[in-house]
$ cat run39.txt   # compact mmCIF, C-alpha atoms
# COMPACT_ATOMS: atom_id res chain seq x y z
CA MET A 20 -64.24 -20.37 -135.63
CA ARG A 21 -65.23 -20.77 -132.01
CA GLY A 22 -63.44 -23.51 -130.07
CA THR A 23 -65.21 -26.06 -127.93
CA ASP A 24 -65.21 -25.84 -124.15
CA GLU A 25 -64.79 -29.48 -123.34
CA ALA A 26 -62.63 -30.99 -120.61
CA SER A 27 -59.66 -33.01 -121.81
CA ARG A 28 -60.13 -36.70 -121.08
CA SER A 29 -56.73 -37.99 -122.16
CA LEU A 30 -55.29 -40.43 -119.64
CA PHE A 31 -51.63 -40.15 -120.63
CA SER A 32 -49.22 -37.24 -121.10
CA TYR A 33 -46.29 -37.59 -123.48
CA VAL A 34 -44.62 -34.26 -122.59
CA ASP A 35 -41.54 -34.60 -120.38
CA LEU A 36 -41.54 -32.60 -117.14
CA GLU A 37 -38.22 -31.08 -118.16
CA ALA A 38 -39.78 -29.72 -121.36
CA ARG A 39 -42.54 -27.91 -119.46
CA ILE A 40 -40.05 -25.54 -117.76
CA PRO A 41 -39.07 -22.52 -119.92
CA ALA A 42 -35.48 -22.60 -121.13
CA ARG A 43 -34.76 -19.10 -119.76
CA HIS A 44 -36.42 -19.61 -116.38
CA PRO A 45 -34.12 -18.31 -113.58
CA LEU A 46 -34.64 -21.48 -111.54
CA ARG A 47 -32.71 -23.48 -114.15
CA LYS A 48 -29.43 -21.75 -113.25
CA ILE A 49 -30.19 -21.93 -109.52
CA ARG A 50 -30.94 -25.64 -109.76
CA GLN A 51 -27.71 -26.29 -111.65
CA VAL A 52 -25.63 -24.51 -109.00
CA VAL A 53 -27.46 -26.26 -106.14
CA ASN A 54 -27.11 -29.70 -107.75
CA ASP A 55 -23.36 -29.20 -108.27
CA ALA A 56 -22.96 -28.12 -104.64
CA LEU A 57 -24.96 -31.10 -103.36
CA ALA A 58 -22.96 -33.49 -105.53
CA SER A 59 -19.75 -32.27 -103.89
CA LEU A 60 -21.23 -33.15 -100.47
CA ASP A 61 -22.16 -36.72 -101.35
CA ALA A 62 -19.61 -38.19 -98.93
CA GLU A 63 -20.87 -35.90 -96.14
CA PHE A 64 -24.45 -37.07 -96.67
CA GLU A 65 -23.38 -40.71 -96.76
CA ALA A 66 -21.74 -40.40 -93.34
CA LEU A 67 -24.99 -39.16 -91.75
CA TYR A 68 -27.07 -42.24 -92.60
CA THR A 69 -26.79 -45.91 -91.64
CA ASP A 70 -26.64 -48.82 -94.06
CA PHE A 71 -29.77 -50.54 -92.74
CA GLY A 72 -33.37 -49.63 -92.00
CA ARG A 73 -36.11 -48.01 -94.02
CA PRO A 74 -34.89 -45.46 -96.61
CA SER A 75 -35.71 -41.89 -95.61
CA ILE A 76 -36.22 -38.84 -97.80
CA ALA A 77 -33.09 -38.11 -99.81
CA PRO A 78 -31.15 -35.22 -98.22
CA GLU A 79 -30.73 -33.57 -101.62
CA ARG A 80 -34.51 -33.39 -102.02
CA LEU A 81 -34.94 -32.10 -98.47
CA ILE A 82 -32.56 -29.22 -99.16
CA ARG A 83 -34.04 -28.40 -102.57
CA ALA A 84 -37.56 -28.41 -101.11
CA SER A 85 -36.47 -26.11 -98.28
CA LEU A 86 -34.85 -23.79 -100.82
CA ILE A 87 -37.99 -23.62 -102.96
CA GLN A 88 -39.99 -22.82 -99.82
CA ILE A 89 -37.67 -19.87 -99.12
CA LEU A 90 -37.59 -18.59 -102.70
CA PHE A 91 -41.38 -18.55 -103.06
CA SER A 92 -42.17 -17.56 -99.44
CA VAL A 93 -44.34 -20.61 -98.73
CA ARG A 94 -45.48 -20.01 -95.17
CA SER A 95 -45.64 -23.61 -93.91
CA GLU A 96 -44.52 -27.13 -94.72
CA ARG A 97 -48.14 -28.25 -95.03
CA GLN A 98 -48.79 -25.63 -97.68
CA LEU A 99 -45.53 -26.58 -99.41
CA MET A 100 -46.61 -30.20 -99.68
CA GLU A 101 -50.01 -29.10 -100.96
CA GLN A 102 -48.48 -26.94 -103.69
CA MET A 103 -46.10 -29.71 -104.70
CA GLN A 104 -49.14 -31.84 -105.52
CA TYR A 105 -50.08 -29.64 -108.49
CA ASN A 106 -47.15 -27.26 -109.10
CA LEU A 107 -45.00 -28.85 -111.82
CA LEU A 108 -42.26 -26.25 -111.33
CA PHE A 109 -41.86 -27.27 -107.68
CA ARG A 110 -41.80 -30.96 -108.59
CA TRP A 111 -39.15 -30.39 -111.26
CA PHE A 112 -36.93 -28.33 -108.95
CA VAL A 113 -37.13 -30.78 -106.03
CA GLY A 114 -36.62 -33.82 -108.27
CA LEU A 115 -40.01 -35.52 -108.04
CA GLY A 116 -41.53 -37.16 -111.09
CA ILE A 117 -45.02 -36.39 -112.32
CA ASP A 118 -46.39 -39.55 -110.64
CA ASP A 119 -44.21 -39.58 -107.51
CA PRO A 120 -46.17 -39.20 -104.26
CA VAL A 121 -45.61 -36.11 -102.13
CA TRP A 122 -44.42 -36.60 -98.55
CA VAL A 123 -46.53 -36.24 -95.45
CA PRO A 124 -45.81 -32.78 -93.95
CA THR A 125 -44.84 -34.12 -90.51
CA VAL A 126 -42.48 -36.69 -92.04
CA PHE A 127 -40.88 -34.02 -94.21
CA THR A 128 -40.46 -31.64 -91.26
CA LYS A 129 -38.93 -34.29 -89.00
CA ASN A 130 -36.43 -35.43 -91.65
CA ARG A 131 -35.57 -31.86 -92.62
CA ASP A 132 -34.97 -30.73 -89.02
CA ARG A 133 -32.89 -33.83 -88.28
CA LEU A 134 -30.66 -33.01 -91.27
CA LEU A 135 -30.28 -29.25 -90.80
CA THR A 136 -29.72 -29.32 -87.03
CA THR A 137 -26.29 -30.72 -87.81
CA ASP A 138 -23.53 -28.58 -89.36
CA MET A 139 -24.80 -29.60 -92.79
CA SER A 140 -26.62 -26.32 -93.44
CA ARG A 141 -23.35 -24.36 -93.17
CA LYS A 142 -21.59 -26.88 -95.42
CA VAL A 143 -24.29 -26.55 -98.08
CA MET A 144 -24.00 -22.77 -98.02
CA ALA A 145 -20.20 -22.95 -98.21
CA ALA A 146 -20.39 -25.35 -101.17
CA ILE A 147 -22.74 -22.99 -103.04
CA LEU A 148 -20.49 -19.99 -102.38
CA ALA A 149 -17.46 -21.97 -103.59
CA HIS A 150 -19.16 -22.88 -106.89
CA ARG A 151 -17.23 -21.86 -109.98
CA GLU A 152 -20.03 -19.54 -111.14
CA VAL A 153 -20.68 -17.97 -107.71
CA ALA A 154 -17.18 -17.45 -106.31
CA PRO A 155 -16.17 -14.78 -108.94
CA LEU A 156 -19.17 -12.69 -107.87
CA LEU A 157 -18.03 -12.41 -104.25
CA SER A 158 -15.92 -9.67 -102.71
CA ASP A 159 -13.20 -10.57 -100.21
CA ASP A 160 -12.62 -7.09 -98.80
CA HIS A 161 -15.87 -5.17 -98.31
CA PHE A 162 -18.84 -6.45 -96.28
CA SER A 163 -22.05 -5.24 -94.66
CA VAL A 164 -23.88 -6.75 -91.70
CA ASP A 165 -27.41 -6.34 -90.42
CA GLY A 166 -29.89 -8.05 -88.14
CA THR A 167 -33.64 -8.45 -88.04
CA LEU A 168 -36.12 -9.74 -85.51
CA VAL A 169 -37.45 -13.24 -86.12
CA LYS A 170 -40.74 -13.80 -84.34
CA ALA A 171 -40.82 -16.94 -82.20
CA TRP A 172 -43.54 -19.57 -82.50
CA ALA A 173 -44.76 -18.75 -79.00
CA SER A 174 -47.71 -16.66 -77.86
CA MET A 175 -47.55 -13.94 -75.26
CA LYS A 176 -49.81 -16.09 -73.03
CA SER A 177 -46.95 -18.58 -72.71
CA PHE A 178 -44.70 -15.88 -71.19
CA GLN A 179 -45.30 -16.77 -67.55
CA PRO A 180 -43.42 -16.21 -64.26
CA LYS A 181 -40.48 -18.50 -63.67
CA ALA A 182 -40.80 -21.20 -61.02
CA ILE A 183 -39.39 -20.20 -57.63
CA GLY A 184 -37.13 -22.87 -56.17
CA THR A 185 -36.92 -26.53 -57.07
CA PRO A 186 -38.96 -29.49 -55.83
CA PRO A 187 -37.58 -31.35 -52.78
CA ASP A 188 -35.44 -34.41 -53.27
CA ASP A 189 -37.50 -36.68 -50.98
CA ASP A 190 -40.15 -37.96 -53.40
CA PRO A 191 -43.20 -39.32 -51.51
CA GLY A 192 -43.65 -41.89 -54.26
CA ASP A 193 -40.49 -43.81 -53.30
CA PRO A 194 -40.98 -47.34 -51.87
CA PRO A 195 -40.69 -47.62 -48.07
CA GLY A 196 -37.35 -48.66 -46.65
CA PRO A 197 -36.62 -51.82 -44.65
CA ASP A 198 -37.11 -49.98 -41.33
CA ALA A 199 -40.62 -48.78 -42.18
CA THR A 200 -43.35 -49.56 -39.62
CA ALA A 201 -46.91 -50.70 -40.21
CA GLU A 202 -48.18 -47.14 -39.73
CA ASP A 203 -45.85 -45.90 -42.45
CA LEU A 204 -47.10 -48.56 -44.83
CA THR A 205 -50.70 -47.62 -44.05
CA GLU A 206 -50.02 -43.93 -44.70
CA ALA A 207 -48.28 -44.76 -47.98
CA THR A 208 -51.23 -46.91 -49.08
CA GLU A 209 -53.70 -44.16 -48.24
CA ALA A 210 -51.58 -41.63 -50.12
CA GLU A 211 -51.67 -43.82 -53.21
CA THR A 212 -55.47 -43.95 -53.17
CA ASP A 213 -55.88 -40.16 -52.92
CA PRO A 214 -57.48 -38.63 -56.00
CA MET A 215 -55.14 -37.01 -58.48
CA PRO A 216 -55.11 -33.20 -58.03
CA ARG A 217 -56.48 -31.15 -60.90
CA PRO A 218 -53.99 -28.88 -62.67
CA THR A 219 -54.30 -25.22 -61.76
CA ARG A 220 -52.90 -23.95 -65.05
CA GLN A 221 -55.49 -22.15 -67.14
CA SER A 222 -56.40 -23.12 -70.66
CA ARG A 223 -54.21 -21.61 -73.36
CA ASN A 224 -57.30 -20.01 -74.93
CA THR A 225 -58.36 -18.20 -71.78
CA GLU A 226 -58.49 -14.43 -72.11
CA VAL A 227 -55.64 -12.76 -70.19
CA ASP A 228 -55.32 -9.07 -69.32
CA PHE A 229 -51.68 -7.98 -69.04
CA ARG A 230 -52.49 -4.35 -68.14
CA GLY A 231 -50.45 -3.14 -65.18
CA GLU A 232 -48.41 -6.34 -64.98
CA ARG A 233 -44.64 -5.88 -65.15
CA ARG A 234 -42.95 -8.63 -67.16
CA SER A 235 -39.30 -9.00 -68.09
CA ASN A 236 -36.88 -11.68 -69.24
CA ALA A 237 -35.41 -11.80 -65.73
CA THR A 238 -38.64 -12.89 -64.07
CA HIS A 239 -40.63 -14.53 -66.91
CA ALA A 240 -40.00 -17.17 -69.57
CA SER A 241 -42.01 -18.80 -72.31
CA THR A 242 -43.32 -22.26 -71.47
CA THR A 243 -43.41 -23.33 -75.14
CA ASP A 244 -40.11 -21.79 -76.32
CA PRO A 245 -37.78 -21.08 -73.37
CA ASP A 246 -35.03 -19.69 -75.66
CA ALA A 247 -37.27 -16.89 -76.97
CA ARG A 248 -36.84 -13.52 -75.28
CA LEU A 249 -39.11 -10.50 -74.95
CA TYR A 250 -37.60 -7.77 -77.12
CA LYS A 251 -38.64 -4.66 -79.05
CA LYS A 252 -37.01 -3.20 -82.13
CA SER A 253 -37.11 0.47 -81.11
CA PRO A 254 -38.57 2.73 -78.40
CA GLY A 255 -42.29 3.16 -78.70
CA THR A 256 -42.90 -0.18 -80.40
CA GLY A 257 -44.46 -3.24 -78.83
CA ALA A 258 -42.27 -6.00 -77.45
CA MET A 259 -42.65 -9.56 -78.70
CA LEU A 260 -41.09 -12.98 -78.15
CA CYS A 261 -38.41 -13.27 -80.80
CA PHE A 262 -34.87 -14.08 -81.85
CA ILE A 263 -32.44 -12.02 -83.94
CA GLY A 264 -31.36 -13.22 -87.38
CA HIS A 265 -28.03 -11.92 -88.67
CA ALA A 266 -26.72 -11.73 -92.24
CA LEU A 267 -23.23 -10.90 -93.51
CA MET A 268 -23.27 -9.65 -97.13
CA GLU A 269 -20.44 -8.94 -99.50
CA ASN A 270 -20.74 -5.55 -101.19
CA ARG A 271 -19.91 -6.48 -104.80
CA ALA A 272 -23.10 -8.37 -105.69
CA GLY A 273 -25.01 -8.11 -102.39
CA LEU A 274 -24.93 -11.87 -101.74
CA ILE A 275 -25.21 -13.28 -98.24
CA VAL A 276 -22.04 -15.18 -97.28
CA GLN A 277 -22.77 -15.91 -93.61
CA GLY A 278 -25.88 -16.20 -91.46
CA ASP A 279 -26.62 -16.72 -87.79
CA LEU A 280 -29.50 -16.81 -85.32
CA THR A 281 -29.05 -15.68 -81.72
CA GLN A 282 -31.10 -14.76 -78.70
CA ALA A 283 -32.47 -11.25 -78.69
CA ASP A 284 -30.57 -8.70 -76.61
CA GLY A 285 -28.92 -5.32 -77.09
CA HIS A 286 -25.44 -6.70 -77.78
CA ALA A 287 -26.33 -9.64 -80.05
CA GLU A 288 -25.80 -7.83 -83.37
CA ARG A 289 -22.26 -6.63 -82.65
CA ARG A 290 -21.18 -10.01 -81.26
CA ALA A 291 -22.69 -11.87 -84.22
CA ALA A 292 -21.02 -9.45 -86.67
CA MET A 293 -17.57 -10.20 -85.27
CA ASP A 294 -18.24 -13.94 -85.15
CA MET A 295 -19.43 -14.06 -88.77
CA ILE A 296 -16.56 -11.99 -90.17
CA HIS A 297 -14.00 -14.15 -88.34
CA ARG A 298 -15.78 -17.30 -89.49
CA HIS A 299 -15.82 -16.12 -93.10
CA SER A 300 -12.18 -14.92 -93.18
CA PRO A 301 -10.36 -16.81 -90.39
CA GLY A 302 -6.88 -15.45 -89.65
CA SER A 303 -7.05 -12.84 -92.41
CA THR A 304 -4.18 -10.34 -92.39
CA ARG A 305 -5.75 -8.08 -95.03
CA GLN A 306 -7.65 -4.94 -94.15
CA LEU A 307 -11.39 -5.63 -94.30
CA THR A 308 -14.15 -3.04 -94.23
CA LEU A 309 -17.41 -3.84 -92.46
CA GLY A 310 -20.43 -1.57 -92.70
CA ALA A 311 -23.13 -1.69 -90.04
CA ASP A 312 -25.90 0.44 -88.58
CA LYS A 313 -25.95 1.80 -85.05
CA GLY A 314 -27.36 -1.49 -83.75

$ encode --input "run39.txt" --output "structure tokens"
Amino acid sequence: MRGTDEASRSLFSYVDLEARIPARHPLRKIRQVVNDALASLDAEFEALYTDFGRPSIAPERLIRASLIQILFSVRSERQLMEQMQYNLLFRWFVGLGIDDPVWVPTVFTKNRDRLLTTDMSRKVMAAILAHREVAPLLSDDHFSVDGTLVKAWASMKSFQPKAIGTPPDDDPGDPPGPDATAEDLTEATEAETDPMPRPTRQSRNTEVDFRGERRSNATHASTTDPDARLYKKSPGTGAMLCFIGHALMENRAGLIVQGDLTQADGHAERRAAMDMIHRHSPGSTRQLTLGADKG
């Protein structure tokens, strides 16, 4: 018998959000480990917030939302908030109910960045690695390290020559001193009525031809992201404004145990490798093996 193609007009749903997630879904185990790790950091979260003011987004939800964005490769916070409107799996993982409103993307980003710019991101990762179900999977003797370029949120048009010199200390906008004459006051008044000069900087959308122009990190810097550096992965490839992301992995299960982000240069990978291995095993007297590529 053929079924009818009619839209459902029921106003209420009696199925719990927990029941809509398959029992064998891999996110169930990940959510359990993450929740246990966040519960162990409750005192750390409490110390970051004041006892008065408007309640902000719960730090546990900020971290779970950031984790779901990484696991599913959601390219932006705006798209993440859009998918959380209709994706029940995302809502369940983050901890939002079926009727709870989703946050404004700018509010979410500001609260997330304010939380993770502290040392809290490293503490969350350490708590997950110390979990009773994760710690037995880790190796304490054999590690591998590698780095990859992370493209900066800055265009090549923002990579402009650095300013030569600094502005003089005597600002013409200062008020005249007690010994100022009438002529000085007249000149100052005329200077105040001069029209404001138009900026000479071109529009960011103006077409620019870089052919034949020599640019380097010594003479140029990005105006939108001064920490980004011009770097290329290998000879023959194009250079881009980027950073270098580093990962230290243990060799038993291939899990990342340390991470870092540094400026891009030819010695960043080896310095970050030593920093991460010392941070992971401080003062270790055992013999550790560390595999790396020629970078």

$ closest_residue --input "run39.txt" --among "A:His239, A:Lys252, A:Arg97, A:His265" --to "Ile296 in chain A" --atoms "only C-alpha atoms"
A:His265

$ closest_residue --input "run39.txt" --among "A:Ile117, A:Gln306, A:Ala311, A:Gly264" --to "Ser32 in chain A" --atoms "only C-alpha atoms"
A:Ile117

$ residues_around --input "run39.txt" --residues "Leu60 in chain A" --least-positions-apart "4" --cutoff "8 Å" --atoms "all atoms listed in the file" --output "PyMOL selection string"
chain A and resi 56+64+143+146

$ atom_distance --input "run39.txt" --atom1 "CA of Phe178 in chain A" --atom2 "CA of Gly166 in chain A"
23.8 Å

$ atom_distance --input "run39.txt" --atom1 "CA of Glu288 in chain A" --atom2 "CA of Asn236 in chain A"
18.4 Å

$ closest_residue --input "run39.txt" --among "A:Asp244, A:Asp165, A:Asp35, A:Glu232" --to "Leu267 in chain A" --atoms "all atoms listed in the file"
A:Asp165

$ atom_distance --input "run39.txt" --atom1 "CA of Asp246 in chain A" --atom2 "CA of Thr281 in chain A"
9.4 Å

$ residues_around --input "run39.txt" --residues "Thr242 in chain A" --least-positions-apart "5" --cutoff "12 Å" --atoms "all atoms listed in the file" --output "PyMOL selection string"
chain A and resi 172-182+220+223+247-248+260

$ closest_residue --input "run39.txt" --among "A:Ile82, A:Ala240, A:Val169, A:Leu309" --to "Asn270 in chain A" --atoms "all atoms listed in the file"
A:Leu309

$ residues_around --input "run39.txt" --residues "Ile275 in chain A" --least-positions-apart "5" --cutoff "12 Å" --atoms "all atoms listed in the file" --output "ChimeraX atom specification"
/A:144-145,147-148,153,156-158,162-165,265-270,295-296,299

$ closest_residue --input "run39.txt" --among "A:Val53, A:Ala84, A:Ala42, A:Met293" --to "Leu307 in chain A" --atoms "only C-alpha atoms"
A:Met293

$ residues_around --input "run39.txt" --residues "Arg298 in chain A" --least-positions-apart "3" --cutoff "12 Å" --atoms "only C-alpha atoms" --output "list in words"
Arg141, Ala145, Leu267, Val276, Gln277, Gly278, Asp279, Ala291, Ala292, Met293, Asp294, Met295, Pro301, Gly302 and Ser303 of chain A

$ closest_residue --input "run39.txt" --among "A:Val126, A:Ile263, A:Ile87, A:Leu135" --to "Tyr250 in chain A" --atoms "all atoms listed in the file"
A:Ile263

$ residues_around --input "run39.txt" --residues "Asn54 in chain A" --least-positions-apart "2" --cutoff "12 Å" --atoms "only C-alpha atoms" --output "number ranges by chain"
A: 46-52, 56-61, 78-80, 82-83, 86, 112-114, 143, 146-147, 150

$ write_last_selection --input "run39.txt" --atoms "C-alpha atoms" --output "PDB file, keeping the file's coordinate frame"
ATOM      1  CA  LEU A  46     -34.640 -21.480-111.540  1.00  0.00           C
ATOM      2  CA  ARG A  47     -32.710 -23.480-114.150  1.00  0.00           C
ATOM      3  CA  LYS A  48     -29.430 -21.750-113.250  1.00  0.00           C
ATOM      4  CA  ILE A  49     -30.190 -21.930-109.520  1.00  0.00           C
ATOM      5  CA  ARG A  50     -30.940 -25.640-109.760  1.00  0.00           C
ATOM      6  CA  GLN A  51     -27.710 -26.290-111.650  1.00  0.00           C
ATOM      7  CA  VAL A  52     -25.630 -24.510-109.000  1.00  0.00           C
ATOM      8  CA  ALA A  56     -22.960 -28.120-104.640  1.00  0.00           C
ATOM      9  CA  LEU A  57     -24.960 -31.100-103.360  1.00  0.00           C
ATOM     10  CA  ALA A  58     -22.960 -33.490-105.530  1.00  0.00           C
ATOM     11  CA  SER A  59     -19.750 -32.270-103.890  1.00  0.00           C
ATOM     12  CA  LEU A  60     -21.230 -33.150-100.470  1.00  0.00           C
ATOM     13  CA  ASP A  61     -22.160 -36.720-101.350  1.00  0.00           C
ATOM     14  CA  PRO A  78     -31.150 -35.220 -98.220  1.00  0.00           C
ATOM     15  CA  GLU A  79     -30.730 -33.570-101.620  1.00  0.00           C
ATOM     16  CA  ARG A  80     -34.510 -33.390-102.020  1.00  0.00           C
ATOM     17  CA  ILE A  82     -32.560 -29.220 -99.160  1.00  0.00           C
ATOM     18  CA  ARG A  83     -34.040 -28.400-102.570  1.00  0.00           C
ATOM     19  CA  LEU A  86     -34.850 -23.790-100.820  1.00  0.00           C
ATOM     20  CA  PHE A 112     -36.930 -28.330-108.950  1.00  0.00           C
ATOM     21  CA  VAL A 113     -37.130 -30.780-106.030  1.00  0.00           C
ATOM     22  CA  GLY A 114     -36.620 -33.820-108.270  1.00  0.00           C
ATOM     23  CA  VAL A 143     -24.290 -26.550 -98.080  1.00  0.00           C
ATOM     24  CA  ALA A 146     -20.390 -25.350-101.170  1.00  0.00           C
ATOM     25  CA  ILE A 147     -22.740 -22.990-103.040  1.00  0.00           C
ATOM     26  CA  HIS A 150     -19.160 -22.880-106.890  1.00  0.00           C
TER      27      HIS A 150
END
